[in-house]
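Printed here is upload.cif (mmCIF, N, CA and C atoms):
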data_query
loop_
_atom_site.group_PDB
_atom_site.id
_atom_site.type_symbol
_atom_site.label_atom_id
_atom_site.label_comp_id
_atom_site.auth_asym_id
_atom_site.auth_seq_id
_atom_site.Cartn_x
_atom_site.Cartn_y
_atom_site.Cartn_z
ATOM 1 N N MET A 8 21.851 -13.230 6.306
ATOM 2 C CA MET A 8 20.528 -12.759 5.915
ATOM 3 C C MET A 8 20.527 -11.231 5.914
ATOM 4 N N LYS A 9 20.065 -10.643 4.826
ATOM 5 C CA LYS A 9 20.039 -9.195 4.690
ATOM 6 C C LYS A 9 18.815 -8.616 5.400
ATOM 7 N N LYS A 10 19.031 -7.553 6.156
ATOM 8 C CA LYS A 10 17.926 -6.879 6.835
ATOM 9 C C LYS A 10 17.417 -5.747 5.954
ATOM 10 N N ALA A 11 16.108 -5.610 5.902
ATOM 11 C CA ALA A 11 15.494 -4.514 5.159
ATOM 12 C C ALA A 11 15.108 -3.419 6.144
ATOM 13 N N HIS A 12 15.394 -2.201 5.792
ATOM 14 C CA HIS A 12 15.066 -1.075 6.653
ATOM 15 C C HIS A 12 14.123 -0.143 5.909
ATOM 16 N N PHE A 13 13.148 0.349 6.634
ATOM 17 C CA PHE A 13 12.212 1.301 6.071
ATOM 18 C C PHE A 13 12.701 2.711 6.339
ATOM 19 N N LEU A 14 12.489 3.579 5.379
ATOM 20 C CA LEU A 14 12.799 4.998 5.535
ATOM 21 C C LEU A 14 11.477 5.751 5.498
ATOM 22 N N LEU A 15 10.793 5.753 6.650
ATOM 23 C CA LEU A 15 9.467 6.363 6.714
ATOM 24 C C LEU A 15 9.540 7.858 6.452
ATOM 25 N N GLN A 16 8.599 8.339 5.661
ATOM 26 C CA GLN A 16 8.555 9.746 5.293
ATOM 27 C C GLN A 16 7.734 10.582 6.273
ATOM 28 N N ASP A 17 6.968 9.932 7.115
ATOM 29 C CA ASP A 17 6.132 10.597 8.116
ATOM 30 C C ASP A 17 6.056 9.686 9.343
ATOM 31 N N PRO A 18 5.506 10.183 10.450
ATOM 32 C CA PRO A 18 5.367 9.340 11.643
ATOM 33 C C PRO A 18 4.510 8.100 11.335
ATOM 34 N N PRO A 19 4.864 6.952 11.922
ATOM 35 C CA PRO A 19 4.139 5.705 11.646
ATOM 36 C C PRO A 19 2.629 5.799 11.873
ATOM 37 N N ARG A 20 2.223 6.489 12.932
ATOM 38 C CA ARG A 20 0.790 6.598 13.223
ATOM 39 C C ARG A 20 0.044 7.339 12.106
ATOM 40 N N LEU A 21 0.663 8.366 11.554
ATOM 41 C CA LEU A 21 0.055 9.113 10.456
ATOM 42 C C LEU A 21 -0.029 8.237 9.203
ATOM 43 N N LEU A 22 1.036 7.505 8.911
ATOM 44 C CA LEU A 22 1.025 6.619 7.745
ATOM 45 C C LEU A 22 -0.052 5.550 7.891
ATOM 46 N N ALA A 23 -0.181 4.980 9.073
ATOM 47 C CA ALA A 23 -1.204 3.958 9.313
ATOM 48 C C ALA A 23 -2.606 4.540 9.126
ATOM 49 N N ALA A 24 -2.828 5.728 9.648
ATOM 50 C CA ALA A 24 -4.137 6.376 9.496
ATOM 51 C C ALA A 24 -4.441 6.637 8.023
ATOM 52 N N ASN A 25 -3.426 7.039 7.281
ATOM 53 C CA ASN A 25 -3.614 7.276 5.844
ATOM 54 C C ASN A 25 -3.976 5.993 5.115
ATOM 55 N N PHE A 26 -3.310 4.887 5.464
ATOM 56 C CA PHE A 26 -3.639 3.609 4.846
ATOM 57 C C PHE A 26 -5.083 3.219 5.119
ATOM 58 N N VAL A 27 -5.526 3.374 6.357
ATOM 59 C CA VAL A 27 -6.902 3.019 6.711
ATOM 60 C C VAL A 27 -7.885 3.881 5.922
ATOM 61 N N ALA A 28 -7.617 5.172 5.844
ATOM 62 C CA ALA A 28 -8.505 6.075 5.103
ATOM 63 C C ALA A 28 -8.527 5.728 3.615
ATOM 64 N N MET A 29 -7.353 5.421 3.068
ATOM 65 C CA MET A 29 -7.290 5.056 1.652
ATOM 66 C C MET A 29 -8.042 3.746 1.389
ATOM 67 N N GLU A 30 -7.859 2.773 2.267
ATOM 68 C CA GLU A 30 -8.560 1.499 2.100
ATOM 69 C C GLU A 30 -10.072 1.705 2.136
ATOM 70 N N ASP A 31 -10.534 2.520 3.071
ATOM 71 C CA ASP A 31 -11.973 2.793 3.169
ATOM 72 C C ASP A 31 -12.479 3.472 1.902
ATOM 73 N N GLY A 32 -11.759 4.479 1.442
ATOM 74 C CA GLY A 32 -12.164 5.200 0.236
ATOM 75 C C GLY A 32 -12.139 4.316 -1.000
ATOM 76 N N TYR A 33 -11.079 3.540 -1.143
ATOM 77 C CA TYR A 33 -10.968 2.652 -2.297
ATOM 78 C C TYR A 33 -12.028 1.551 -2.265
ATOM 79 N N GLN A 34 -12.405 1.114 -1.073
ATOM 80 C CA GLN A 34 -13.461 0.103 -0.972
ATOM 81 C C GLN A 34 -14.747 0.632 -1.613
ATOM 82 N N MET A 35 -15.046 1.884 -1.367
ATOM 83 C CA MET A 35 -16.247 2.481 -1.958
ATOM 84 C C MET A 35 -16.112 2.577 -3.475
ATOM 85 N N GLU A 36 -14.907 2.860 -3.949
ATOM 86 C CA GLU A 36 -14.660 2.930 -5.397
ATOM 87 C C GLU A 36 -14.909 1.570 -6.049
ATOM 88 N N VAL A 37 -14.449 0.504 -5.394
ATOM 89 C CA VAL A 37 -14.648 -0.848 -5.929
ATOM 90 C C VAL A 37 -16.139 -1.193 -5.917
ATOM 91 N N LEU A 38 -16.795 -0.916 -4.805
ATOM 92 C CA LEU A 38 -18.223 -1.229 -4.701
ATOM 93 C C LEU A 38 -19.050 -0.466 -5.727
ATOM 94 N N ALA A 39 -18.634 0.750 -6.047
ATOM 95 C CA ALA A 39 -19.358 1.566 -7.024
ATOM 96 C C ALA A 39 -18.972 1.208 -8.461
ATOM 97 N N GLY A 40 -17.983 0.351 -8.612
ATOM 98 C CA GLY A 40 -17.573 -0.056 -9.951
ATOM 99 C C GLY A 40 -16.650 0.919 -10.659
ATOM 100 N N ARG A 41 -16.087 1.868 -9.927
ATOM 101 C CA ARG A 41 -15.209 2.867 -10.543
ATOM 102 C C ARG A 41 -13.760 2.412 -10.618
ATOM 103 N N ARG A 42 -13.370 1.458 -9.793
ATOM 104 C CA ARG A 42 -12.013 0.900 -9.806
ATOM 105 C C ARG A 42 -12.096 -0.601 -9.623
ATOM 106 N N THR A 43 -11.081 -1.279 -10.143
ATOM 107 C CA THR A 43 -11.009 -2.724 -9.937
ATOM 108 C C THR A 43 -10.166 -3.004 -8.707
ATOM 109 N N ARG A 44 -10.284 -4.223 -8.221
ATOM 110 C CA ARG A 44 -9.472 -4.652 -7.075
ATOM 111 C C ARG A 44 -7.989 -4.534 -7.406
ATOM 112 N N THR A 45 -7.628 -4.892 -8.620
ATOM 113 C CA THR A 45 -6.231 -4.819 -9.056
ATOM 114 C C THR A 45 -5.729 -3.380 -9.057
ATOM 115 N N GLU A 46 -6.551 -2.444 -9.506
ATOM 116 C CA GLU A 46 -6.161 -1.030 -9.498
ATOM 117 C C GLU A 46 -5.948 -0.523 -8.078
ATOM 118 N N VAL A 47 -6.819 -0.927 -7.174
ATOM 119 C CA VAL A 47 -6.722 -0.489 -5.781
ATOM 120 C C VAL A 47 -5.456 -1.043 -5.134
ATOM 121 N N ILE A 48 -5.177 -2.303 -5.342
ATOM 122 C CA ILE A 48 -3.964 -2.893 -4.768
ATOM 123 C C ILE A 48 -2.726 -2.201 -5.325
ATOM 124 N N ALA A 49 -2.719 -1.907 -6.615
ATOM 125 C CA ALA A 49 -1.586 -1.206 -7.220
ATOM 126 C C ALA A 49 -1.408 0.184 -6.607
ATOM 127 N N ALA A 50 -2.506 0.880 -6.376
ATOM 128 C CA ALA A 50 -2.435 2.223 -5.792
ATOM 129 C C ALA A 50 -1.920 2.169 -4.353
ATOM 130 N N LEU A 51 -2.400 1.213 -3.569
ATOM 131 C CA LEU A 51 -1.945 1.083 -2.186
ATOM 132 C C LEU A 51 -0.467 0.696 -2.123
ATOM 133 N N ARG A 52 -0.049 -0.192 -3.003
ATOM 134 C CA ARG A 52 1.368 -0.569 -3.038
ATOM 135 C C ARG A 52 2.241 0.601 -3.466
ATOM 136 N N SER A 53 1.760 1.398 -4.385
ATOM 137 C CA SER A 53 2.505 2.578 -4.828
ATOM 138 C C SER A 53 2.703 3.543 -3.659
ATOM 139 N N TYR A 54 1.649 3.775 -2.908
ATOM 140 C CA TYR A 54 1.743 4.647 -1.740
ATOM 141 C C TYR A 54 2.709 4.066 -0.715
ATOM 142 N N ALA A 55 2.603 2.755 -0.494
ATOM 143 C CA ALA A 55 3.489 2.098 0.476
ATOM 144 C C ALA A 55 4.956 2.264 0.078
ATOM 145 N N ARG A 56 5.259 2.075 -1.209
ATOM 146 C CA ARG A 56 6.639 2.268 -1.674
ATOM 147 C C ARG A 56 7.089 3.708 -1.458
ATOM 148 N N ALA A 57 6.215 4.650 -1.747
ATOM 149 C CA ALA A 57 6.567 6.064 -1.635
ATOM 150 C C ALA A 57 6.856 6.479 -0.193
ATOM 151 N N VAL A 58 6.073 5.984 0.745
ATOM 152 C CA VAL A 58 6.225 6.435 2.131
ATOM 153 C C VAL A 58 7.184 5.600 2.966
ATOM 154 N N THR A 59 7.592 4.441 2.441
ATOM 155 C CA THR A 59 8.534 3.611 3.198
ATOM 156 C C THR A 59 9.904 3.530 2.556
ATOM 157 N N GLY A 60 10.007 3.917 1.281
ATOM 158 C CA GLY A 60 11.272 3.784 0.575
ATOM 159 C C GLY A 60 11.646 2.338 0.342
ATOM 160 N N HIS A 61 10.652 1.450 0.290
ATOM 161 C CA HIS A 61 10.915 0.021 0.178
ATOM 162 C C HIS A 61 9.952 -0.607 -0.821
ATOM 163 N N GLY A 62 10.488 -1.277 -1.835
ATOM 164 C CA GLY A 62 9.648 -1.960 -2.814
ATOM 165 C C GLY A 62 9.496 -3.427 -2.472
ATOM 166 N N LEU A 63 8.962 -4.201 -3.388
ATOM 167 C CA LEU A 63 8.798 -5.634 -3.198
ATOM 168 C C LEU A 63 10.147 -6.330 -3.275
ATOM 169 N N SER A 64 10.332 -7.325 -2.447
ATOM 170 C CA SER A 64 11.529 -8.157 -2.511
ATOM 171 C C SER A 64 11.383 -9.145 -3.658
ATOM 172 N N ASP A 65 12.478 -9.778 -4.033
ATOM 173 C CA ASP A 65 12.462 -10.737 -5.129
ATOM 174 C C ASP A 65 11.455 -11.860 -4.910
ATOM 175 N N GLY A 66 11.304 -12.317 -3.671
ATOM 176 C CA GLY A 66 10.428 -13.447 -3.393
ATOM 177 C C GLY A 66 8.965 -13.093 -3.193
ATOM 178 N N GLU A 67 8.619 -11.814 -3.171
ATOM 179 C CA GLU A 67 7.245 -11.402 -2.916
ATOM 180 C C GLU A 67 6.463 -11.337 -4.205
ATOM 181 N N ARG A 68 5.156 -11.549 -4.076
ATOM 182 C CA ARG A 68 4.271 -11.501 -5.236
ATOM 183 C C ARG A 68 4.009 -10.066 -5.653
ATOM 184 N N ALA A 69 4.129 -9.791 -6.934
ATOM 185 C CA ALA A 69 3.816 -8.472 -7.458
ATOM 186 C C ALA A 69 2.363 -8.399 -7.888
ATOM 187 N N ASP A 70 1.739 -9.551 -8.127
ATOM 188 C CA ASP A 70 0.357 -9.574 -8.546
ATOM 189 C C ASP A 70 -0.550 -9.798 -7.343
ATOM 190 N N PRO A 71 -1.767 -9.229 -7.363
ATOM 191 C CA PRO A 71 -2.693 -9.409 -6.248
ATOM 192 C C PRO A 71 -3.112 -10.856 -6.111
ATOM 193 N N ILE A 72 -3.382 -11.249 -4.897
ATOM 194 C CA ILE A 72 -3.823 -12.617 -4.621
ATOM 195 C C ILE A 72 -5.290 -12.748 -4.957
#
Could you take the file, read its structure, and then write that structure out as structure tokens?
Amino acid sequence: MKKAHFLLQDPPRLLAANFVAMEDGYQMEVLAGRRTRTEVIAALRSYARAVTGHGLSDGERADPI
């Protein structure tokens, strides 16, 4: 079984705080009708890939649930 390793670009606590802030901000965008749920999920996944150096695995869903 292959192990996946993250290459974090910043301290984990800072990355987690950024995710929470982004989720809160994007929630307001969705509620105001300025972004769709799909756009928000794509943006959060893009950030996650950028800060972890890790994309989706073959078995993971690329589309939002």
Exercise for the section: Can you pull out every residue within 8 Å of Val47 (chain A), counting only N, CA and C atoms, but drop anything in the same chain fewer than 6 positions away, and send it as a PyMOL selection string? Expected result: chain A and resi 33-34+37+53
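CA of Ala39 (chain A) to CA of Ala24 (chain A) spans 23.0 Å [interatomic distance, one decimal].
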With all atoms of region 32-47 of chain A from the file as input, state the centre and edge lengths in Å to one decimal of the axis-aligned box that has 4 Å extra on each side, as JSON.
{"center_x": -12.4, "center_y": 0.2, "center_z": -4.6, "size_x": 21.9, "size_y": 18.1, "size_z": 20.1}
Problem - Counting only C-alpha atoms, the residue of A:Leu38, A:Ala28, A:Leu14, A:Leu21 that sits nearest Val58 (chain A) - result: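 Closest to Val58 (chain A) of all the choices is A:Leu14.
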Exercise for the section: Taking the file above as input, evaluate the PyMOL selection byres (((chain A and resi 55 and name CA) around 12) and name CA) and report the hits as number ranges by chain. Expected result: A: 13-17, 19, 22-23, 25-26, 29, 48-54, 56-63
Handout entry: Computed interatomic separation between atom N of Arg44 (chain A) and CA of Pro18 (chain A) (Å)
Key =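 Taking atom N of Arg44 (chain A) and CA of Pro18 (chain A), their separation equals 28.7 Å.
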Model the absent atoms of region 36-47 of chain A so that all heavy atoms are present, and write the result as a short mmCIF file (atom, residue, chain, number, x, y, z; two decimals), keeping the file's coordinate frame.
data_model
loop_
_atom_site.label_atom_id
_atom_site.label_comp_id
_atom_site.auth_asym_id
_atom_site.auth_seq_id
_atom_site.Cartn_x
_atom_site.Cartn_y
_atom_site.Cartn_z
N GLU A 36 -14.91 2.86 -3.95
CA GLU A 36 -14.66 2.93 -5.40
C GLU A 36 -14.91 1.57 -6.05
O GLU A 36 -15.50 1.49 -7.13
CB GLU A 36 -13.22 3.37 -5.67
CG GLU A 36 -12.92 4.80 -5.25
CD GLU A 36 -13.47 5.79 -6.25
OE1 GLU A 36 -13.11 5.72 -7.43
OE2 GLU A 36 -14.25 6.66 -5.82
N VAL A 37 -14.45 0.50 -5.39
CA VAL A 37 -14.65 -0.85 -5.93
C VAL A 37 -16.14 -1.19 -5.92
O VAL A 37 -16.68 -1.69 -6.92
CB VAL A 37 -13.83 -1.89 -5.13
CG1 VAL A 37 -14.21 -3.31 -5.54
CG2 VAL A 37 -12.34 -1.67 -5.33
N LEU A 38 -16.80 -0.92 -4.80
CA LEU A 38 -18.22 -1.23 -4.70
C LEU A 38 -19.05 -0.47 -5.73
O LEU A 38 -20.05 -0.98 -6.23
CB LEU A 38 -18.73 -0.93 -3.29
CG LEU A 38 -18.21 -1.87 -2.20
CD1 LEU A 38 -18.64 -1.37 -0.82
CD2 LEU A 38 -18.68 -3.30 -2.44
N ALA A 39 -18.63 0.75 -6.05
CA ALA A 39 -19.36 1.57 -7.02
C ALA A 39 -18.97 1.21 -8.46
O ALA A 39 -19.56 1.72 -9.41
CB ALA A 39 -19.09 3.05 -6.77
N GLY A 40 -17.98 0.35 -8.61
CA GLY A 40 -17.57 -0.06 -9.95
C GLY A 40 -16.65 0.92 -10.66
O GLY A 40 -16.45 0.82 -11.86
N ARG A 41 -16.09 1.87 -9.93
CA ARG A 41 -15.21 2.87 -10.54
C ARG A 41 -13.76 2.41 -10.62
O ARG A 41 -12.98 2.95 -11.40
CB ARG A 41 -15.30 4.19 -9.79
CG ARG A 41 -16.65 4.89 -9.97
CD ARG A 41 -16.63 6.28 -9.37
NE ARG A 41 -16.62 6.25 -7.93
CZ ARG A 41 -17.69 6.39 -7.16
NH1 ARG A 41 -18.88 6.55 -7.70
NH2 ARG A 41 -17.59 6.36 -5.85
N ARG A 42 -13.37 1.46 -9.79
CA ARG A 42 -12.01 0.90 -9.81
C ARG A 42 -12.10 -0.60 -9.62
O ARG A 42 -13.02 -1.11 -8.99
CB ARG A 42 -11.16 1.48 -8.68
CG ARG A 42 -10.80 2.92 -8.86
CD ARG A 42 -9.83 3.34 -7.78
NE ARG A 42 -9.63 4.76 -7.81
CZ ARG A 42 -8.52 5.34 -8.25
NH1 ARG A 42 -7.51 4.61 -8.66
NH2 ARG A 42 -8.40 6.64 -8.25
N THR A 43 -11.08 -1.28 -10.14
CA THR A 43 -11.01 -2.72 -9.94
C THR A 43 -10.17 -3.00 -8.71
O THR A 43 -9.40 -2.15 -8.24
CB THR A 43 -10.37 -3.43 -11.14
OG1 THR A 43 -9.00 -3.02 -11.24
CG2 THR A 43 -11.11 -3.12 -12.43
N ARG A 44 -10.28 -4.22 -8.22
CA ARG A 44 -9.47 -4.65 -7.08
C ARG A 44 -7.99 -4.53 -7.41
O ARG A 44 -7.19 -4.09 -6.59
CB ARG A 44 -9.85 -6.09 -6.74
CG ARG A 44 -9.12 -6.68 -5.58
CD ARG A 44 -9.67 -8.09 -5.31
NE ARG A 44 -9.00 -8.67 -4.17
CZ ARG A 44 -7.91 -9.43 -4.25
NH1 ARG A 44 -7.38 -9.69 -5.42
NH2 ARG A 44 -7.37 -9.92 -3.17
N THR A 45 -7.63 -4.89 -8.62
CA THR A 45 -6.23 -4.82 -9.06
C THR A 45 -5.73 -3.38 -9.06
O THR A 45 -4.60 -3.11 -8.62
CB THR A 45 -6.09 -5.44 -10.46
OG1 THR A 45 -6.55 -6.80 -10.40
CG2 THR A 45 -4.66 -5.40 -10.94
N GLU A 46 -6.55 -2.44 -9.51
CA GLU A 46 -6.16 -1.03 -9.50
C GLU A 46 -5.95 -0.52 -8.08
O GLU A 46 -5.01 0.23 -7.81
CB GLU A 46 -7.23 -0.17 -10.18
CG GLU A 46 -7.33 -0.38 -11.67
CD GLU A 46 -8.52 0.32 -12.27
OE1 GLU A 46 -9.59 0.39 -11.63
OE2 GLU A 46 -8.38 0.80 -13.41
N VAL A 47 -6.82 -0.93 -7.17
CA VAL A 47 -6.72 -0.49 -5.78
C VAL A 47 -5.46 -1.04 -5.13
O VAL A 47 -4.71 -0.31 -4.46
CB VAL A 47 -7.98 -0.90 -4.99
CG1 VAL A 47 -7.77 -0.74 -3.50
CG2 VAL A 47 -9.18 -0.10 -5.46
#
